file upload26.cif (mmCIF, C-alpha atoms and all ligand atoms)
data_run
#
loop_
_atom_site.label_atom_id
_atom_site.label_comp_id
_atom_site.auth_asym_id
_atom_site.auth_seq_id
_atom_site.Cartn_x
_atom_site.Cartn_y
_atom_site.Cartn_z
CA MET A 24 0.00 0.00 0.00
CA ALA A 25 1.51 3.33 -1.04
CA LEU A 26 1.73 6.21 1.39
CA ILE A 27 1.06 9.69 0.11
CA VAL A 28 1.15 13.04 1.85
CA GLN A 29 -1.29 15.70 0.66
CA LYS A 30 -1.32 19.34 1.73
CA TYR A 31 -4.23 21.73 1.30
CA GLY A 32 -3.61 25.48 1.58
CA GLY A 33 -5.74 28.12 3.28
CA SER A 34 -7.82 29.13 0.27
CA SER A 35 -8.65 25.45 -0.37
CA VAL A 36 -10.29 25.12 3.07
CA ALA A 37 -11.66 28.66 3.38
CA ASP A 38 -15.25 27.65 4.25
CA ALA A 39 -17.40 24.61 5.09
CA GLU A 40 -18.16 23.80 1.43
CA LYS A 41 -14.49 23.92 0.52
CA ILE A 42 -13.59 21.69 3.46
CA LYS A 43 -16.20 19.18 2.24
CA ASN A 44 -14.69 19.40 -1.26
CA VAL A 45 -11.22 18.67 0.14
CA ALA A 46 -12.62 15.75 2.14
CA ARG A 47 -14.00 14.23 -1.08
CA ARG A 48 -10.59 14.53 -2.73
CA ILE A 49 -8.88 12.88 0.22
CA ALA A 50 -11.51 10.10 0.22
CA LYS A 51 -10.69 9.46 -3.45
CA ALA A 52 -6.99 9.03 -2.66
CA LYS A 53 -7.92 6.59 0.11
CA ASP A 54 -10.29 4.68 -2.21
CA GLU A 55 -7.42 4.28 -4.67
CA GLY A 56 -5.74 2.14 -2.04
CA ASN A 57 -3.30 4.57 -0.41
CA HIS A 58 -2.39 5.33 3.15
CA VAL A 59 -3.11 9.05 3.32
CA VAL A 60 -1.56 11.68 5.57
CA VAL A 61 -2.96 15.18 5.07
CA VAL A 62 -1.44 18.47 6.16
CA VAL A 63 -3.80 21.41 6.32
CA SER A 64 -3.37 25.20 6.58
CA ALA A 65 -5.59 27.57 8.53
CA MET A 66 -8.90 28.49 6.87
CA GLY A 67 -8.71 31.45 4.44
CA HIS A 68 -7.30 34.58 6.08
CA THR A 69 -7.34 33.14 9.61
CA THR A 70 -3.62 33.61 10.25
CA ASN A 71 -3.66 37.25 9.12
CA ASN A 72 -6.77 37.90 11.20
CA LEU A 73 -5.22 36.36 14.32
CA ILE A 74 -2.10 38.52 13.86
CA LYS A 75 -4.27 41.64 13.50
CA LEU A 76 -6.21 40.72 16.61
CA ALA A 77 -3.02 40.21 18.61
CA TYR A 78 -1.71 43.64 17.61
CA GLN A 79 -5.03 45.25 18.55
CA ILE A 80 -4.55 43.86 22.02
CA ASN A 81 -0.82 44.46 22.41
CA GLU A 82 1.48 46.56 20.21
CA GLN A 83 4.34 44.15 20.80
CA PRO A 84 2.85 40.73 21.42
CA GLY A 85 5.30 38.22 22.91
CA ASP A 86 6.52 35.70 20.38
CA ARG A 87 5.60 32.71 22.57
CA GLU A 88 1.96 33.82 22.87
CA LEU A 89 1.79 34.79 19.20
CA ASP A 90 3.00 31.35 18.08
CA LEU A 91 0.54 29.53 20.31
CA LEU A 92 -2.24 31.80 19.04
CA LEU A 93 -1.36 31.28 15.36
CA SER A 94 -1.07 27.51 15.77
CA THR A 95 -4.78 27.41 16.63
CA GLY A 96 -5.72 28.32 13.03
CA GLU A 97 -4.40 25.02 11.71
CA ILE A 98 -5.92 23.10 14.62
CA VAL A 99 -9.38 24.41 13.71
CA SER A 100 -9.11 23.36 10.05
CA SER A 101 -7.62 19.94 10.85
CA THR A 102 -10.45 19.02 13.22
CA LEU A 103 -13.13 20.20 10.78
CA LEU A 104 -11.53 18.22 7.98
CA ALA A 105 -11.48 15.06 10.13
CA MET A 106 -15.19 15.62 10.88
CA ALA A 107 -15.94 16.10 7.17
CA LEU A 108 -14.25 12.76 6.41
CA GLU A 109 -16.22 11.01 9.14
CA THR A 110 -19.42 12.36 7.58
CA LEU A 111 -18.37 10.71 4.33
CA GLY A 112 -17.91 7.41 6.17
CA TYR A 113 -14.10 7.45 6.49
CA LYS A 114 -12.10 6.97 9.65
CA ALA A 115 -9.98 10.05 10.29
CA VAL A 116 -8.03 11.55 13.17
CA SER A 117 -6.63 15.07 13.50
CA LEU A 118 -3.30 15.71 15.22
CA THR A 119 -1.52 18.92 16.22
CA GLY A 120 2.09 19.30 15.10
CA ALA A 121 3.28 18.25 18.55
CA GLN A 122 1.04 15.15 18.55
CA ALA A 123 2.40 14.30 15.11
CA GLY A 124 5.89 14.18 16.66
CA ILE A 125 7.30 17.35 15.08
CA THR A 126 10.10 18.80 17.18
CA THR A 127 11.62 22.18 16.34
CA ASP A 128 14.28 24.56 17.59
CA THR A 129 13.20 27.41 19.89
CA VAL A 130 13.11 30.23 17.32
CA HIS A 131 9.51 31.42 17.58
CA SER A 132 7.79 32.39 14.30
CA GLN A 133 10.67 30.99 12.22
CA ALA A 134 11.27 27.62 13.87
CA ARG A 135 13.13 24.88 12.05
CA ILE A 136 12.15 21.25 12.29
CA LEU A 137 14.83 19.31 14.16
CA LYS A 138 13.25 15.88 14.24
CA ILE A 139 10.07 14.03 13.44
CA ASP A 140 9.04 11.00 15.42
CA PRO A 141 6.33 9.50 13.20
CA GLU A 142 5.30 6.74 15.63
CA ARG A 143 1.84 8.17 16.43
CA ILE A 144 1.07 8.79 12.76
CA ARG A 145 2.07 5.22 11.89
CA LYS A 146 -0.10 3.86 14.69
CA GLU A 147 -3.11 5.79 13.41
CA LEU A 148 -2.47 4.66 9.81
CA ASP A 149 -2.26 1.06 11.00
CA LYS A 150 -5.70 1.50 12.60
CA GLY A 151 -7.00 2.45 9.15
CA ASN A 152 -7.27 6.15 9.87
CA ILE A 153 -6.68 8.99 7.48
CA VAL A 154 -4.34 11.24 9.48
CA ILE A 155 -4.88 15.01 9.32
CA VAL A 156 -1.95 17.00 10.69
CA ALA A 157 -2.21 20.71 11.58
CA GLY A 158 0.46 22.40 9.43
CA PHE A 159 2.91 25.19 10.21
CA GLN A 160 3.70 24.15 13.80
CA GLY A 161 5.77 22.01 16.09
CA ILE A 162 6.93 21.83 19.67
CA SER A 163 10.32 23.09 20.79
CA LYS A 164 12.67 21.01 22.85
CA GLY A 165 14.44 23.78 24.72
CA GLU A 166 14.26 24.27 28.46
CA GLU A 167 10.49 24.47 28.11
CA GLU A 168 8.36 22.66 25.59
CA ASP A 169 6.58 25.41 23.71
CA ILE A 170 4.50 25.51 20.57
CA THR A 171 6.40 27.08 17.67
CA THR A 172 5.46 28.06 14.13
CA LEU A 173 7.57 27.52 11.03
CA GLY A 174 7.23 30.89 9.27
CA ARG A 175 4.50 32.15 6.93
CA GLY A 176 3.62 29.54 4.35
CA GLY A 177 5.18 26.87 6.56
CA SER A 178 2.49 24.20 6.11
CA ASP A 179 4.27 23.23 2.89
CA THR A 180 7.33 22.49 5.02
CA THR A 181 5.30 20.36 7.44
CA ALA A 182 4.06 18.34 4.47
CA VAL A 183 7.43 17.74 2.84
CA ALA A 184 9.08 16.99 6.19
CA LEU A 185 6.40 14.41 6.99
CA ALA A 186 6.71 12.90 3.51
CA ALA A 187 10.47 12.57 4.05
CA SER A 188 10.19 11.05 7.49
CA LEU A 189 7.43 8.59 6.52
CA GLY A 190 9.16 7.63 3.27
CA ALA A 191 6.09 8.71 1.28
CA GLU A 192 5.94 8.08 -2.42
CA ILE A 193 5.08 11.69 -3.17
CA CYS A 194 4.13 14.94 -1.47
CA GLN A 195 1.15 16.58 -3.18
CA ILE A 196 0.69 20.31 -2.55
CA TYR A 197 -2.86 21.35 -3.47
CA THR A 198 -3.50 25.06 -3.83
CA ASP A 199 -5.53 27.74 -5.64
CA VAL A 200 -3.48 27.66 -8.87
CA GLU A 201 -2.86 24.71 -11.21
CA GLY A 202 0.87 24.43 -10.61
CA VAL A 203 4.10 26.40 -10.72
CA TYR A 204 3.99 29.00 -13.48
CA THR A 205 6.70 31.03 -15.19
CA ALA A 206 5.47 33.94 -13.02
CA ASP A 207 2.61 34.57 -10.59
CA PRO A 208 -0.43 33.89 -12.81
CA HIS A 209 -2.41 36.47 -10.86
CA LEU A 210 0.04 39.16 -12.02
CA VAL A 211 0.93 37.82 -15.48
CA PRO A 212 -2.12 36.44 -17.30
CA HIS A 213 0.08 34.85 -20.00
CA ALA A 214 2.25 33.01 -17.50
CA ARG A 215 2.79 29.39 -18.54
CA LYS A 216 2.36 26.37 -16.28
CA LEU A 217 5.57 24.32 -16.05
CA LYS A 218 5.37 20.52 -16.40
CA ASP A 219 8.30 20.20 -14.07
CA ILE A 220 11.02 22.21 -12.41
CA GLY A 221 14.23 21.27 -10.59
CA TYR A 222 14.61 21.79 -6.85
CA GLU A 223 17.38 24.31 -7.39
CA GLU A 224 15.34 26.62 -9.60
CA MET A 225 12.23 26.23 -7.44
CA LEU A 226 14.24 27.09 -4.33
CA GLU A 227 15.47 30.35 -5.87
CA LEU A 228 11.96 31.27 -7.06
CA ALA A 229 10.47 30.46 -3.64
CA SER A 230 13.20 32.30 -1.74
CA TYR A 231 12.69 35.39 -3.89
CA GLY A 232 8.94 35.66 -3.52
CA ALA A 233 7.08 32.97 -5.53
CA ARG A 234 4.95 32.00 -2.55
CA VAL A 235 3.38 28.98 -4.24
CA MET A 236 5.96 26.91 -2.28
CA HIS A 237 7.60 27.65 1.07
CA ASN A 238 11.33 27.80 0.38
CA ARG A 239 12.27 25.47 3.25
CA ALA A 240 9.85 22.85 1.89
CA VAL A 241 11.79 22.87 -1.37
CA GLU A 242 15.07 22.63 0.51
CA LEU A 243 13.84 19.56 2.41
CA GLY A 244 12.45 18.05 -0.79
CA GLU A 245 15.89 18.28 -2.36
CA LEU A 246 17.71 17.05 0.73
CA TYR A 247 15.53 13.94 1.11
CA ASN A 248 14.73 13.53 -2.58
CA VAL A 249 10.95 13.81 -2.13
CA PRO A 250 9.11 14.42 -5.41
CA ILE A 251 6.63 17.27 -4.92
CA LEU A 252 3.51 17.78 -7.02
CA VAL A 253 1.94 21.25 -7.04
CA ALA A 254 -1.62 21.15 -8.37
CA SER A 255 -5.09 22.65 -8.01
CA SER A 256 -7.38 21.61 -5.18
CA PHE A 257 -10.40 22.69 -7.23
CA ILE A 258 -9.95 21.12 -10.67
CA ASP A 259 -8.29 17.97 -11.95
CA SER A 260 -5.33 19.11 -13.96
CA PRO A 261 -1.81 17.66 -14.21
CA GLY A 262 0.09 20.23 -12.12
CA THR A 263 3.86 20.68 -11.84
CA ILE A 264 6.39 18.16 -10.55
CA ILE A 265 9.32 19.50 -8.54
CA CYS A 266 12.09 16.93 -8.73
CA LYS A 267 15.78 16.36 -9.23
CA GLU A 268 15.95 15.93 -12.95
CA ALA A 269 13.59 18.44 -14.43
CA SER A 270 13.10 18.16 -18.17
CA MET A 271 15.77 19.74 -20.28
CA GLU A 272 12.92 21.91 -21.59
CA VAL A 273 15.23 24.69 -22.61
CA LYS A 274 18.73 24.92 -21.47
CA ASN A 275 19.44 28.46 -22.53
CA LYS A 276 16.47 30.21 -21.05
CA ALA A 277 15.30 31.89 -17.93
CA ARG A 278 12.77 29.58 -16.27
CA GLY A 279 10.70 31.95 -14.21
CA ILE A 280 10.29 35.34 -12.62
CA ALA A 281 9.65 36.03 -8.94
CA TYR A 282 8.84 39.23 -7.13
CA ASP A 283 8.79 40.14 -3.47
CA THR A 284 7.34 43.31 -1.98
CA ASN A 285 8.35 42.45 1.57
CA VAL A 286 11.54 44.52 1.28
CA SER A 287 13.03 47.33 3.36
CA LYS A 288 16.33 49.01 2.67
CA VAL A 289 18.62 50.30 5.40
CA THR A 290 21.50 52.64 4.56
CA VAL A 291 24.08 53.34 7.19
CA VAL A 292 25.62 56.67 6.23
CA GLY A 293 29.13 57.85 7.05
CA VAL A 294 30.71 55.00 9.01
CA PRO A 295 34.49 54.65 9.31
CA ASP A 296 35.91 52.23 6.75
CA HIS A 297 38.01 49.97 8.93
CA PRO A 298 38.04 46.25 9.75
CA GLY A 299 35.30 45.10 12.10
CA ILE A 300 32.55 47.58 11.22
CA ALA A 301 30.56 45.15 9.07
CA ALA A 302 30.87 42.46 11.74
CA ALA A 303 29.76 44.94 14.42
CA ILE A 304 26.59 45.64 12.43
CA PHE A 305 25.72 42.20 11.06
CA GLU A 306 26.65 39.93 13.96
CA PRO A 307 23.94 41.26 16.32
CA LEU A 308 21.41 41.13 13.47
CA ALA A 309 22.24 37.45 12.93
CA ARG A 310 21.98 36.77 16.66
CA ALA A 311 18.48 38.29 16.58
CA ASN A 312 17.55 35.92 13.73
CA ILE A 313 17.12 38.78 11.27
CA SER A 314 17.99 37.62 7.84
CA VAL A 315 19.85 40.20 5.79
CA ASP A 316 19.88 40.13 2.03
CA THR A 317 21.64 42.25 -0.59
CA ILE A 318 24.55 44.00 1.11
CA VAL A 319 26.40 46.78 -0.71
CA GLN A 320 29.29 48.82 0.63
CA ASN A 321 30.29 51.95 -1.26
CA ALA A 322 33.90 52.77 -2.10
CA SER A 323 35.17 54.90 0.76
CA ILE A 324 36.14 58.55 0.58
CA ASN A 325 38.57 59.77 3.28
CA ASN A 326 38.05 56.46 5.05
CA ILE A 327 34.32 57.10 5.46
CA THR A 328 31.83 54.85 3.71
CA ASP A 329 28.10 54.03 3.35
CA LEU A 330 26.67 50.54 3.81
CA THR A 331 23.31 49.44 2.43
CA PHE A 332 21.38 46.23 3.06
CA THR A 333 17.83 44.90 2.89
CA VAL A 334 15.67 43.10 5.45
CA ALA A 335 12.06 41.92 5.42
CA ARG A 336 9.67 44.78 6.25
CA ASN A 337 8.39 43.16 9.39
CA ASP A 338 11.98 42.94 10.67
CA LEU A 339 12.75 46.64 10.07
CA ILE A 340 11.87 48.04 13.50
CA LYS A 341 13.81 45.29 15.25
CA ALA A 342 16.74 45.71 12.84
CA MET A 343 16.86 49.48 13.43
CA SER A 344 16.79 49.02 17.19
CA ILE A 345 19.94 46.93 16.81
CA VAL A 346 21.76 48.92 14.13
CA GLU A 347 21.21 52.48 15.38
CA PRO A 348 23.13 52.05 18.67
CA VAL A 349 26.00 50.34 16.81
CA VAL A 350 26.19 53.19 14.30
CA LYS A 351 26.19 55.71 17.13
CA SER A 352 28.95 53.86 18.95
CA VAL A 353 31.24 53.98 15.90
CA GLU A 354 30.33 57.64 15.34
CA GLY A 355 28.53 56.98 12.07
CA LYS A 356 26.40 59.82 10.69
CA GLN A 357 22.91 58.32 10.42
CA CYS A 358 20.68 55.42 9.33
CA VAL A 359 18.17 55.97 6.52
CA THR A 360 15.39 53.49 5.66
CA ASP A 361 13.08 52.96 2.72
CA SER A 362 10.09 50.57 2.76
CA THR A 363 8.68 51.34 -0.68
CA LEU A 364 10.85 48.84 -2.52
CA ALA A 365 10.52 45.40 -4.07
CA LYS A 366 12.71 42.69 -5.55
CA VAL A 367 12.28 41.35 -9.05
CA SER A 368 14.26 38.24 -9.98
CA ILE A 369 14.79 36.14 -13.07
CA VAL A 370 15.78 32.53 -12.38
CA GLY A 371 17.05 29.69 -14.54
CA THR A 372 19.86 27.16 -14.53
CA GLY A 373 20.12 27.91 -18.25
CA MET A 374 21.56 31.31 -17.34
CA GLN A 375 24.58 29.72 -15.68
CA ASN A 376 27.79 30.60 -17.48
CA THR A 377 25.84 32.30 -20.25
CA PRO A 378 26.57 35.98 -20.69
CA GLY A 379 23.94 38.53 -21.61
CA TYR A 380 21.07 37.82 -19.21
CA ALA A 381 21.87 40.60 -16.78
CA ALA A 382 22.34 43.14 -19.57
CA ARG A 383 19.04 42.08 -21.11
CA MET A 384 17.24 42.43 -17.78
CA PHE A 385 18.69 45.92 -17.19
CA ARG A 386 17.74 46.96 -20.75
CA THR A 387 14.14 45.78 -20.26
CA LEU A 388 13.80 47.69 -17.00
CA HIS A 389 15.41 50.77 -18.53
CA GLU A 390 12.93 50.68 -21.43
CA GLN A 391 10.14 50.71 -18.86
CA GLY A 392 11.75 53.73 -17.19
CA ILE A 393 12.33 51.69 -14.04
CA ASN A 394 15.26 52.71 -11.88
CA ILE A 395 17.39 49.91 -10.43
CA GLN A 396 18.50 50.65 -6.87
CA LEU A 397 20.51 47.53 -6.03
CA ILE A 398 21.48 44.34 -7.85
CA THR A 399 22.35 40.89 -6.53
CA THR A 400 23.01 37.65 -8.33
CA SER A 401 23.54 33.95 -7.72
CA GLU A 402 24.71 31.48 -10.36
CA ILE A 403 21.14 30.96 -11.52
CA ARG A 404 19.42 34.23 -10.50
CA ILE A 405 19.59 37.96 -11.13
CA THR A 406 17.70 40.23 -8.73
CA CYS A 407 17.05 43.97 -9.09
CA ILE A 408 15.66 46.11 -6.30
CA ILE A 409 13.23 48.65 -7.68
CA SER A 410 10.33 50.80 -6.57
CA GLU A 411 7.37 48.72 -5.35
CA ALA A 412 5.05 50.86 -7.46
CA ARG A 413 6.65 49.49 -10.64
CA VAL A 414 6.71 45.78 -9.79
CA LYS A 415 3.81 44.76 -11.98
CA ASP A 416 5.26 46.61 -15.01
CA ALA A 417 8.67 45.07 -14.39
CA VAL A 418 7.41 41.48 -14.09
CA GLN A 419 5.14 41.74 -17.12
CA ALA A 420 7.84 43.36 -19.30
CA LEU A 421 10.49 40.81 -18.26
CA HIS A 422 8.09 37.93 -18.87
CA GLN A 423 7.50 39.19 -22.38
CA ASP A 424 11.11 40.10 -23.22
CA PHE A 425 12.45 36.76 -22.01
CA GLU A 426 9.67 35.02 -24.01
CA LEU A 427 8.59 32.91 -21.08
CA GLU A 428 5.09 32.31 -22.43
CA LYS A 429 6.63 30.24 -25.23
CA GLU A 430 7.34 26.56 -24.71
CA THR A 431 10.80 26.65 -26.32
P1 LIG B 1 -1.82 28.16 -0.25
O1 LIG B 1 -2.75 28.91 0.64
O2 LIG B 1 -2.47 27.05 -1.01
O3 LIG B 1 -0.56 27.73 0.44
P2 LIG B 1 -0.43 30.42 -1.40
O4 LIG B 1 -1.23 31.66 -1.48
O5 LIG B 1 0.58 30.30 -0.32
O6 LIG B 1 -1.42 29.18 -1.40
O7 LIG B 1 0.35 30.16 -2.79
C1 LIG B 1 -0.38 30.17 -4.00
C2 LIG B 1 -0.22 31.52 -4.67
O8 LIG B 1 1.15 31.69 -5.07
C3 LIG B 1 -0.97 31.66 -5.97
O9 LIG B 1 -2.31 32.06 -5.76
C4 LIG B 1 -0.16 32.69 -6.75
O10 LIG B 1 -0.75 33.98 -6.69
C5 LIG B 1 1.17 32.74 -6.02
N1 LIG B 1 2.33 32.55 -6.91
C6 LIG B 1 3.44 33.35 -6.92
N2 LIG B 1 4.30 32.94 -7.84
C7 LIG B 1 3.77 31.86 -8.44
C8 LIG B 1 4.22 30.98 -9.50
N3 LIG B 1 5.40 31.15 -10.09
N4 LIG B 1 3.40 29.97 -9.88
C9 LIG B 1 2.21 29.78 -9.25
N5 LIG B 1 1.73 30.59 -8.26
C10 LIG B 1 2.50 31.61 -7.85
N1 LIG B 2 -1.41 29.55 7.98
C1 LIG B 2 -0.01 29.86 7.81
C2 LIG B 2 0.14 31.13 6.99
O1 LIG B 2 -0.85 31.74 6.62
C3 LIG B 2 0.78 28.72 7.24
C4 LIG B 2 0.39 28.28 5.85
O2 LIG B 2 -0.67 28.64 5.35
O3 LIG B 2 1.17 27.53 5.25
O4 LIG B 2 1.24 31.55 6.75
MG MG B 3 1.27 28.72 0.89
#

call {"tool": "encode", "arguments": {"input": "upload26.cif", "output": "structure tokens"}}
result
Amino acid sequence: MALIVQKYGGSSVADAEKIKNVARRIAKAKDEGNHVVVVVSAMGHTTNNLIKLAYQINEQPGDRELDLLLSTGEIVSSTLLAMALETLGYKAVSLTGAQAGITTDTVHSQARILKIDPERIRKELDKGNIVIVAGFQGISKGEEEDITTLGRGGSDTTAVALAASLGAEICQIYTDVEGVYTADPHLVPHARKLKDIGYEEMLELASYGARVMHNRAVELGELYNVPILVASSFIDSPGTIICKEASMEVKNKARGIAYDTNVSKVTVVGVPDHPGIAAAIFEPLARANISVDTIVQNASINNITDLTFTVARNDLIKAMSIVEPVVKSVEGKQCVTDSTLAKVSIVGTGMQNTPGYAARMFRTLHEQGINIQLITTSEIRITCIISEARVKDAVQALHQDFELEKET
């Protein structure tokens, strides 16, 4: 009997009818003779609403309380889904992340899975149950055992991690689009659905804003070689396979475009250009679990320089509270921030060792009159930081100029 892991996202379980629809799909997988483990997200906008509520109550809610609060969203949907399956005549049991044996580190709101003990899940499967696991959460094994969450979009990571630990045949991610497209289909109507995509390319797209997959889910998929299917939870359509050997579709092309509007820029103006300054700024940021992207240091004049970097917008206040005292202590001039920016990235292994992609991207943006503020690259990605107001124009123009709607 094959074991499959299915994951249903928030929009797929947004109301009672949709939960019943998902239950029918799960029942079908069970009828086909599979052991089925299901991971479910919170209903619709539940997570956002819980965050709003917390901030109405307390301007700086504690991260322990916030995590426990947010974990309830997934508990609600998992119980309702188990009830829907029982109504259809199937045996089902819902489990929280902790009950499912998911242990994490102690980093609230961005916890990483350390270990999964799948014993309880196996026991329930052996009893003939369909197992519904609340996504996005685990329990920390620090001094105290506390409920943690895995970061926004983290139910994907729960699903892939469970698939890896249970040795599942496949991890199926069901969502509100039919697969992974060359760009967000809600922004680019001509975006093309990909038959398959390699882990490496998917990881870059996910890390740079294509929220159809949580980046850490892709990382785990690659690490444990779990094939991942991304498909619609509403219609039967083939979807996209994320796997090791993606088709050689086109070797000399960009594969997709991602954008991310969760970007803030910090410029530290007029700091002395001597060894240790960058460490003094970035070490405390790392200790506070603030992830810093795109770092640029200007050439110094009279041994004074400027340093610019980006952080996620929701990390900006925390980042400034760390950086400002450091800048003061080294007698830097000031810190300037900008939260009206976005990242646009083109991704493709075909770009590796092939000149011309960056120049073409800059030309396209120039023709749209879009100013590039910062640039970063990896071997298979080029990212430009631009004004948030121009993101849609940038993505659409790049999609057209790189001919991504065409199959070859
Ligand atoms: P779920 O709630 O099912 O986890 P998400 O909202 O997290 O769904 O992810 C699905 C959304 O990802 C889509 O509705 C789409 O707008 C967005 N998206 C961004 N980039 C892409 C892409 N390249 N391909 C498909 N969807 C994308
Ligand atoms: N409910 C969580 C979120 O909205 C996790 C998820 O949906 O994957 O981010
Ligand atoms: Mg998601």

call {"tool": "atom_distance", "arguments": {"input": "upload26.cif", "atom1": "atom CA of A:Ser94", "atom2": "atom CA of A:Gly176"}}
result
12.5 Å

call {"tool": "closest_residue", "arguments": {"input": "upload26.cif", "among": "A:Thr205, A:Asn57, A:Ser101, A:Gln375", "to": "A:Leu427", "atoms": "all atoms listed in the file"}}
result
A:Thr205

call {"tool": "closest_atom_pairs", "arguments": {"input": "upload26.cif", "of": "chain A", "to": "ligand LIG 2 (chain B)", "cutoff": "9 Å", "atoms": "all atoms listed in the file", "output": "JSON lines"}}
result
{"residue": "A:Tyr31", "atom": "CA", "partner": "B:LIG2", "partner_atom": "O2", "distance": 8.8}
{"residue": "A:Gly32", "atom": "CA", "partner": "B:LIG2", "partner_atom": "O2", "distance": 5.7}
{"residue": "A:Gly33", "atom": "CA", "partner": "B:LIG2", "partner_atom": "O2", "distance": 5.5}
{"residue": "A:Ser34", "atom": "CA", "partner": "B:LIG2", "partner_atom": "O2", "distance": 8.8}
{"residue": "A:Val63", "atom": "CA", "partner": "B:LIG2", "partner_atom": "O2", "distance": 7.9}
{"residue": "A:Ser64", "atom": "CA", "partner": "B:LIG2", "partner_atom": "O2", "distance": 4.5}
{"residue": "A:Ala65", "atom": "CA", "partner": "B:LIG2", "partner_atom": "N1", "distance": 4.7}
{"residue": "A:Met66", "atom": "CA", "partner": "B:LIG2", "partner_atom": "N1", "distance": 7.6}
{"residue": "A:Gly67", "atom": "CA", "partner": "B:LIG2", "partner_atom": "O1", "distance": 8.2}
{"residue": "A:His68", "atom": "CA", "partner": "B:LIG2", "partner_atom": "O1", "distance": 7.1}
{"residue": "A:Thr69", "atom": "CA", "partner": "B:LIG2", "partner_atom": "N1", "distance": 7.1}
{"residue": "A:Thr70", "atom": "CA", "partner": "B:LIG2", "partner_atom": "O1", "distance": 4.9}
{"residue": "A:Asn71", "atom": "CA", "partner": "B:LIG2", "partner_atom": "O1", "distance": 6.7}
{"residue": "A:Leu93", "atom": "CA", "partner": "B:LIG2", "partner_atom": "N1", "distance": 7.6}
{"residue": "A:Ser94", "atom": "CA", "partner": "B:LIG2", "partner_atom": "N1", "distance": 8.1}
{"residue": "A:Gly96", "atom": "CA", "partner": "B:LIG2", "partner_atom": "N1", "distance": 6.8}
{"residue": "A:Glu97", "atom": "CA", "partner": "B:LIG2", "partner_atom": "N1", "distance": 6.6}
{"residue": "A:Gly158", "atom": "CA", "partner": "B:LIG2", "partner_atom": "O3", "distance": 6.7}
{"residue": "A:Phe159", "atom": "CA", "partner": "B:LIG2", "partner_atom": "C3", "distance": 5.1}
{"residue": "A:Gln160", "atom": "CA", "partner": "B:LIG2", "partner_atom": "C3", "distance": 8.5}
{"residue": "A:Thr172", "atom": "CA", "partner": "B:LIG2", "partner_atom": "C3", "distance": 8.4}
{"residue": "A:Leu173", "atom": "CA", "partner": "B:LIG2", "partner_atom": "C3", "distance": 7.9}
{"residue": "A:Gly174", "atom": "CA", "partner": "B:LIG2", "partner_atom": "O4", "distance": 6.5}
{"residue": "A:Arg175", "atom": "CA", "partner": "B:LIG2", "partner_atom": "O4", "distance": 3.3}
{"residue": "A:Gly176", "atom": "CA", "partner": "B:LIG2", "partner_atom": "O3", "distance": 3.3}
{"residue": "A:Gly177", "atom": "CA", "partner": "B:LIG2", "partner_atom": "O3", "distance": 4.3}
{"residue": "A:Ser178", "atom": "CA", "partner": "B:LIG2", "partner_atom": "O3", "distance": 3.7}
{"residue": "A:Asp179", "atom": "CA", "partner": "B:LIG2", "partner_atom": "O3", "distance": 5.8}
{"residue": "A:Thr180", "atom": "CA", "partner": "B:LIG2", "partner_atom": "O3", "distance": 8.0}
{"residue": "A:Thr181", "atom": "CA", "partner": "B:LIG2", "partner_atom": "O3", "distance": 8.6}
{"residue": "A:Met236", "atom": "CA", "partner": "B:LIG2", "partner_atom": "O3", "distance": 8.9}
{"residue": "A:His237", "atom": "CA", "partner": "B:LIG2", "partner_atom": "O3", "distance": 7.7}

call {"tool": "residues_near_ligand", "arguments": {"input": "upload26.cif", "ligand": "ligand LIG 1 (chain B)", "cutoff": "6 Å", "atoms": "all atoms listed in the file", "output": "list in words"}}
result
Gly32, Gly33, Ser34, Gly176, Thr198, Asp199, Val200, Gly202, Val203, Tyr204, Thr205, Ala206, Asp207, His209, Ala233, Arg234 and Val235 of chain A

call {"tool": "closest_residue", "arguments": {"input": "upload26.cif", "among": "A:Ile27, A:Val319, A:Ile155, A:Val286", "to": "A:Ala335", "atoms": "all atoms listed in the file"}}
result
A:Val286

call {"tool": "closest_residue", "arguments": {"input": "upload26.cif", "among": "A:Arg336, A:Glu426, A:Ala277, A:Ile327", "to": "A:Met374", "atoms": "only C-alpha atoms"}}
result
A:Ala277

call {"tool": "residues_around", "arguments": {"input": "upload26.cif", "residues": "A:Ser117", "least_positions_apart": "4", "cutoff": "12 Å", "atoms": "all atoms listed in the file", "output": "short mmCIF file (atom, residue, chain, number, x, y, z; two decimals) with C-alpha atoms, keeping the file's coordinate frame"}}
result
data_model
loop_
_atom_site.label_atom_id
_atom_site.label_comp_id
_atom_site.auth_asym_id
_atom_site.auth_seq_id
_atom_site.Cartn_x
_atom_site.Cartn_y
_atom_site.Cartn_z
CA VAL A 60 -1.56 11.68 5.57
CA VAL A 61 -2.96 15.18 5.07
CA VAL A 62 -1.44 18.47 6.16
CA VAL A 63 -3.80 21.41 6.32
CA GLU A 97 -4.40 25.02 11.71
CA ILE A 98 -5.92 23.10 14.62
CA VAL A 99 -9.38 24.41 13.71
CA SER A 100 -9.11 23.36 10.05
CA SER A 101 -7.62 19.94 10.85
CA THR A 102 -10.45 19.02 13.22
CA LEU A 103 -13.13 20.20 10.78
CA LEU A 104 -11.53 18.22 7.98
CA ALA A 105 -11.48 15.06 10.13
CA MET A 106 -15.19 15.62 10.88
CA ALA A 107 -15.94 16.10 7.17
CA LEU A 108 -14.25 12.76 6.41
CA GLU A 109 -16.22 11.01 9.14
CA ALA A 121 3.28 18.25 18.55
CA GLN A 122 1.04 15.15 18.55
CA ALA A 123 2.40 14.30 15.11
CA ARG A 143 1.84 8.17 16.43
CA ILE A 144 1.07 8.79 12.76
CA GLU A 147 -3.11 5.79 13.41
CA LEU A 148 -2.47 4.66 9.81
CA ASN A 152 -7.27 6.15 9.87
CA ILE A 153 -6.68 8.99 7.48
CA VAL A 154 -4.34 11.24 9.48
CA ILE A 155 -4.88 15.01 9.32
CA VAL A 156 -1.95 17.00 10.69
CA ALA A 157 -2.21 20.71 11.58
CA GLY A 158 0.46 22.40 9.43
#
